[in-house]
Amino acid sequence: MIAVLIMVERNVAQHLHANTRTTDAQQVLKATSWSVRVVGDFMIVMNNLLSIPVIVRHPQQFSDSRSFVAAFKREFLHLLEALPVPRGKIGMIRDYQLASVNFMAPIPAAIQQRLQVFQNLLNQPGVIHWDEDPSNAVVSLQLAKSIRLQNPDTGDAQSVIDVFKQYVINDFALPAHPKLNEHNRQYLYRSSSLNDVMNESAVTEQITTDYKKALIHHQKSDAIIDRDLDYANDYMSYVAELGQSIIDDLTMPYYYILDYASRNDERSSMTKLRGMRAAFRELARFLKAQALFSAADFDEFTQAVSQAIDDTTPTLQGFRLERMLHSAESELQRRRALLYHARKYSNHRYHVRVELTGYHPKMWRQLAVSGETRLDDFCYLILAAFHAGGSHLYALKHGKDLYQLPYLDNGENITLHWLGEFKQGDQLILDYDFGDSWSFKVTIEEVTKKRTSLTNQEAQLLAGSGKGIIDDIGGVAGLEAAAQDDPSINEDFDPKTEQEEWVNTSRQLARRYE
């Protein structure tokens with residue numbers, strides 16, 4: 001792993017209890033180095049090569065260097081999330097470039113000059129709208145959009161944000177997988193860590209042969225084998241044109257899928273995208289079985305695929321189209337049920353506990369909901385309580401019963417059932433995002449009856465713990481890794497401050513799935 005070098009002024013370093021020492025200035029000017037400067041109530045953290053500013057609070061608000069580093073990482077990740085960068089690559093940048101931090105001194109004159117530009121902009125009226133109380137990441141983005149740099153190759157002026165996006169999307173890549181053995185060595189080529197052992201066509205042929213054997217061994221049909229091999233060969237040709245191997249950059253499937261339709265001059269239908277997702281997941285399993293992928297590599301690769309599918313799929317249009325094509329009989333049944341069936345549950349009040357399965361420390365919520373809450377709306381209340389983005393499919397299970405959206409054919413129509421159908425002590429499972437596999441255990445703790453109808457009574461957040469999930473981060477394992485950089489993910493939950501926004505967010509989620 002490569003160390004990130006953060007350079008701070010000596011007085012700041014002393015406050016952070018960091019040991020300072022003189023180091024060759026040329027070493028600090030590498031792409032993996034960073035600079036820090038205090039400006040009023042802010043600290044500018046800057047990548048020296050990319051000139052990307054990350055603003056964090058004044059170091060006097062931190063008790064030691066570890067808390068400062070945690071804040072810096074958090075703000076840097078927030079900045080990345082605001083850019084069109086795939087989640088898989090954000091995770092790699094976090095793990096690879098922000099692995100460790102050393103404090104260095106002094107700051108060279110060239111870096112001082114760059115930092116002064118950011119300082120001037122922070123104090124210049126009109127650049128930052130301070131009345132809007134912007135977050136650190138918002139301030140960083142505004143500075144990055146305001147600074148223009150000259151491209152040394154073309155002479156054209158580019159904003160800092162454009163330079164940064166170009167680097168992250170096109171140039172940032174991990175080296176070849178470090179865990180090599182004689183079995184997988186034959187697959188590696190164009191690697192900076194090894195001599196060339198096979199040319200590109202021989203590598204492709206060898207992988208294809210082994211991959212086909214694996215598909216046959218798993219008793220795949222001839223049609224599936226042909227499909228998976230076609231995608232694997234086309235993908236290997238794609239990365240070879242870029243001068244890489246299939247394990248050089250784990251986020252490359254994102255760009256392959258995103259460019260697929262334009263490169264092949266065809267429309268990517270939903271059926272084709274589903275087949276592509278399945279094919280790439282099968283390829284990732286093969287690479288993991290061949291010891292070319294670790295478990296983390298597998299997650300990064302499949303996450304890049306899922307992100308590309310999401311970004312390529314016109315989600316809202318697809319949902320609306322599926323609704324339109326839904327049978328008139330089912331739609332009529334749903335409308336009638338909404339008018340009559342749910343009324344008998346209106347005076348039932350449900351106290352429900354929801355816990356994120358497999359996450360440590362425990363992350364949970366306690367809700368109070370009317371029995372006439374439709375099951376899909378109940379799911380949106382749960383997802384909103386855990387800050388899910390709503391960009392993935394979900395399903396609710398109770399024993400052998402499966403409840404899904406009406407345009408999915410594997411279970412009961414979730415819009416035709418209500419929470420009131422369940423009794424005290426029942427346990428349900430809400431699965432969200434079938435790629436990241438978030439699972440929520442839902443326990444009906446208490447059911448009470450009221451004489452008056454609860455129709456107009458809002459659902460309530462009663463208690464909870466933990467900030468919530470982060471979409472496309474790799475599931476529970478990814479969230480636990482993110483919590484190491486951002487301890488606020490595991491902070492206590494305040495239902496009073498969340499209540500109003502929670503109900504509004506659940507309604508927004510409902511509209512997304514319509």
# chains A, B, ... in the order shown; residues from 1 in each chain; ligands from 1

$ residues_around --residues "Asn490 (chain A)" --least-positions-apart "6" --cutoff "8 Å" --atoms "only C-alpha atoms" --output "number ranges by chain"
A: 361, 363, 465-467, 483

$ write_last_selection --atoms "C-alpha atoms" --output "compact mmCIF listing (two decimals), in the first residue's frame"
# COMPACT_ATOMS: atom_id res chain seq x y z
CA PRO A 361 -22.27 -2.56 16.18
CA MET A 363 -27.89 -0.60 13.69
CA SER A 465 -29.01 3.55 16.66
CA GLY A 466 -26.57 4.18 13.80
CA LYS A 467 -26.64 6.70 10.97
CA ALA A 483 -17.20 3.35 9.48

$ residues_around --residues "Ala284 (chain A)" --least-positions-apart "2" --cutoff "8 Å" --atoms "only C-alpha atoms" --output "PyMOL selection string"
chain A and resi 280-282+286-288+293+298+301-302

$ write_last_selection --atoms "C-alpha atoms" --output "tab-separated table (two decimals), in the first residue's frame"
chain	number	residue	atom	x	y	z
A	280	PHE	CA	-20.01	-10.44	-15.50
A	281	ARG	CA	-20.87	-11.87	-12.12
A	282	GLU	CA	-20.08	-15.36	-13.45
A	286	PHE	CA	-14.30	-17.62	-12.16
A	287	LEU	CA	-11.53	-15.09	-11.54
A	288	LYS	CA	-12.00	-15.53	-7.79
A	293	PHE	CA	-9.56	-12.04	-7.34
A	298	PHE	CA	-14.82	-9.67	-6.33
A	301	PHE	CA	-15.66	-5.76	-9.68
A	302	THR	CA	-19.33	-6.70	-9.27

$ residues_around --residues "region 122-128 of chain A" --least-positions-apart "6" --cutoff "12 Å" --atoms "only C-alpha atoms" --output "count of residues only"
25

$ residues_around --residues "Gly358 (chain A)" --least-positions-apart "4" --cutoff "10 Å" --atoms "only C-alpha atoms" --output "ChimeraX atom specification"
/A:362-363,438-441,475-477

$ write_last_selection --atoms "N, CA and C atoms" --output "PDB file, in the first residue's frame"
ATOM      1  N   LYS A 362     -24.659  -2.943  16.380  1.00  0.00           N
ATOM      2  CA  LYS A 362     -26.016  -3.080  15.871  1.00  0.00           C
ATOM      3  C   LYS A 362     -26.563  -1.735  15.385  1.00  0.00           C
ATOM      4  N   MET A 363     -27.231  -1.779  14.231  1.00  0.00           N
ATOM      5  CA  MET A 363     -27.888  -0.598  13.687  1.00  0.00           C
ATOM      6  C   MET A 363     -29.374  -0.946  13.573  1.00  0.00           C
ATOM      7  N   TRP A 438     -28.361  -5.944   1.115  1.00  0.00           N
ATOM      8  CA  TRP A 438     -28.755  -5.430   2.431  1.00  0.00           C
ATOM      9  C   TRP A 438     -29.960  -6.236   2.921  1.00  0.00           C
ATOM     10  N   SER A 439     -29.948  -6.636   4.191  1.00  0.00           N
ATOM     11  CA  SER A 439     -31.047  -7.417   4.756  1.00  0.00           C
ATOM     12  C   SER A 439     -31.457  -6.813   6.101  1.00  0.00           C
ATOM     13  N   PHE A 440     -32.774  -6.569   6.246  1.00  0.00           N
ATOM     14  CA  PHE A 440     -33.294  -5.971   7.471  1.00  0.00           C
ATOM     15  C   PHE A 440     -34.262  -6.961   8.140  1.00  0.00           C
ATOM     16  N   LYS A 441     -34.011  -7.258   9.390  1.00  0.00           N
ATOM     17  CA  LYS A 441     -34.886  -8.142  10.160  1.00  0.00           C
ATOM     18  C   LYS A 441     -35.971  -7.293  10.814  1.00  0.00           C
ATOM     19  N   GLY A 475     -22.403  -3.366   0.520  1.00  0.00           N
ATOM     20  CA  GLY A 475     -23.138  -4.060   1.560  1.00  0.00           C
ATOM     21  C   GLY A 475     -22.568  -3.821   2.951  1.00  0.00           C
ATOM     22  N   VAL A 476     -22.864  -4.767   3.856  1.00  0.00           N
ATOM     23  CA  VAL A 476     -22.468  -4.630   5.258  1.00  0.00           C
ATOM     24  C   VAL A 476     -20.955  -4.505   5.398  1.00  0.00           C
ATOM     25  N   ALA A 477     -20.206  -5.322   4.655  1.00  0.00           N
ATOM     26  CA  ALA A 477     -18.738  -5.264   4.753  1.00  0.00           C
ATOM     27  C   ALA A 477     -18.217  -3.896   4.334  1.00  0.00           C
TER      28      ALA A 477
END

$ closest_residue --among "A:Ile309, A:Ala385, A:Leu405, A:Leu462" --to "Gln366 (chain A)" --atoms "only C-alpha atoms"
A:Leu462

$ residues_around --residues "Tyr231 (chain A)" --least-positions-apart "2" --cutoff "10 Å" --atoms "only C-alpha atoms" --output "PyMOL selection string"
chain A and resi 226-229+233-237+275-276+279-280+283

$ residues_around --residues "Leu393 (chain A)" --least-positions-apart "5" --cutoff "8 Å" --atoms "only C-alpha atoms" --output "PyMOL selection string"
chain A and resi 432-434

$ atom_distance --atom1 "CA of Glu355 (chain A)" --atom2 "CA of Lys450 (chain A)"
26.9 Å

$ select_by_dssp --residues "region 352-508 of chain A" --states "strand (DSSP E)" --output "VMD selection string"
chain A and resid 352 to 356 364 to 370 394 to 398 401 to 404 412 to 413 427 to 432 438 to 449 460 to 465

$ closest_residue --among "A:Lys165, A:Lys449, A:Arg511, A:His78" --to "Ile52 (chain A)" --atoms "only C-alpha atoms"
A:Lys165

$ atom_distance --atom1 "CA of Gln460 (chain A)" --atom2 "CA of Gln424 (chain A)"
18.1 Å

$ residues_around --residues "Phe76 (chain A)" --least-positions-apart "4" --cutoff "7 Å" --atoms "only C-alpha atoms" --output "list in words"
Val54, Phe72 and Leu80 of chain A

$ closest_residue --among "A:Glu421, A:Asp153, A:Glu300, A:Asp471" --to "Tyr254 (chain A)" --atoms "only C-alpha atoms"
A:Glu300

$ atom_distance --atom1 "CA of Lys496 (chain A)" --atom2 "CA of Gly464 (chain A)"
10.8 Å

$ closest_residue --among "A:Leu396, A:Ile489, A:Leu375, A:Ile216" --to "Leu416 (chain A)" --atoms "only C-alpha atoms"
A:Leu375
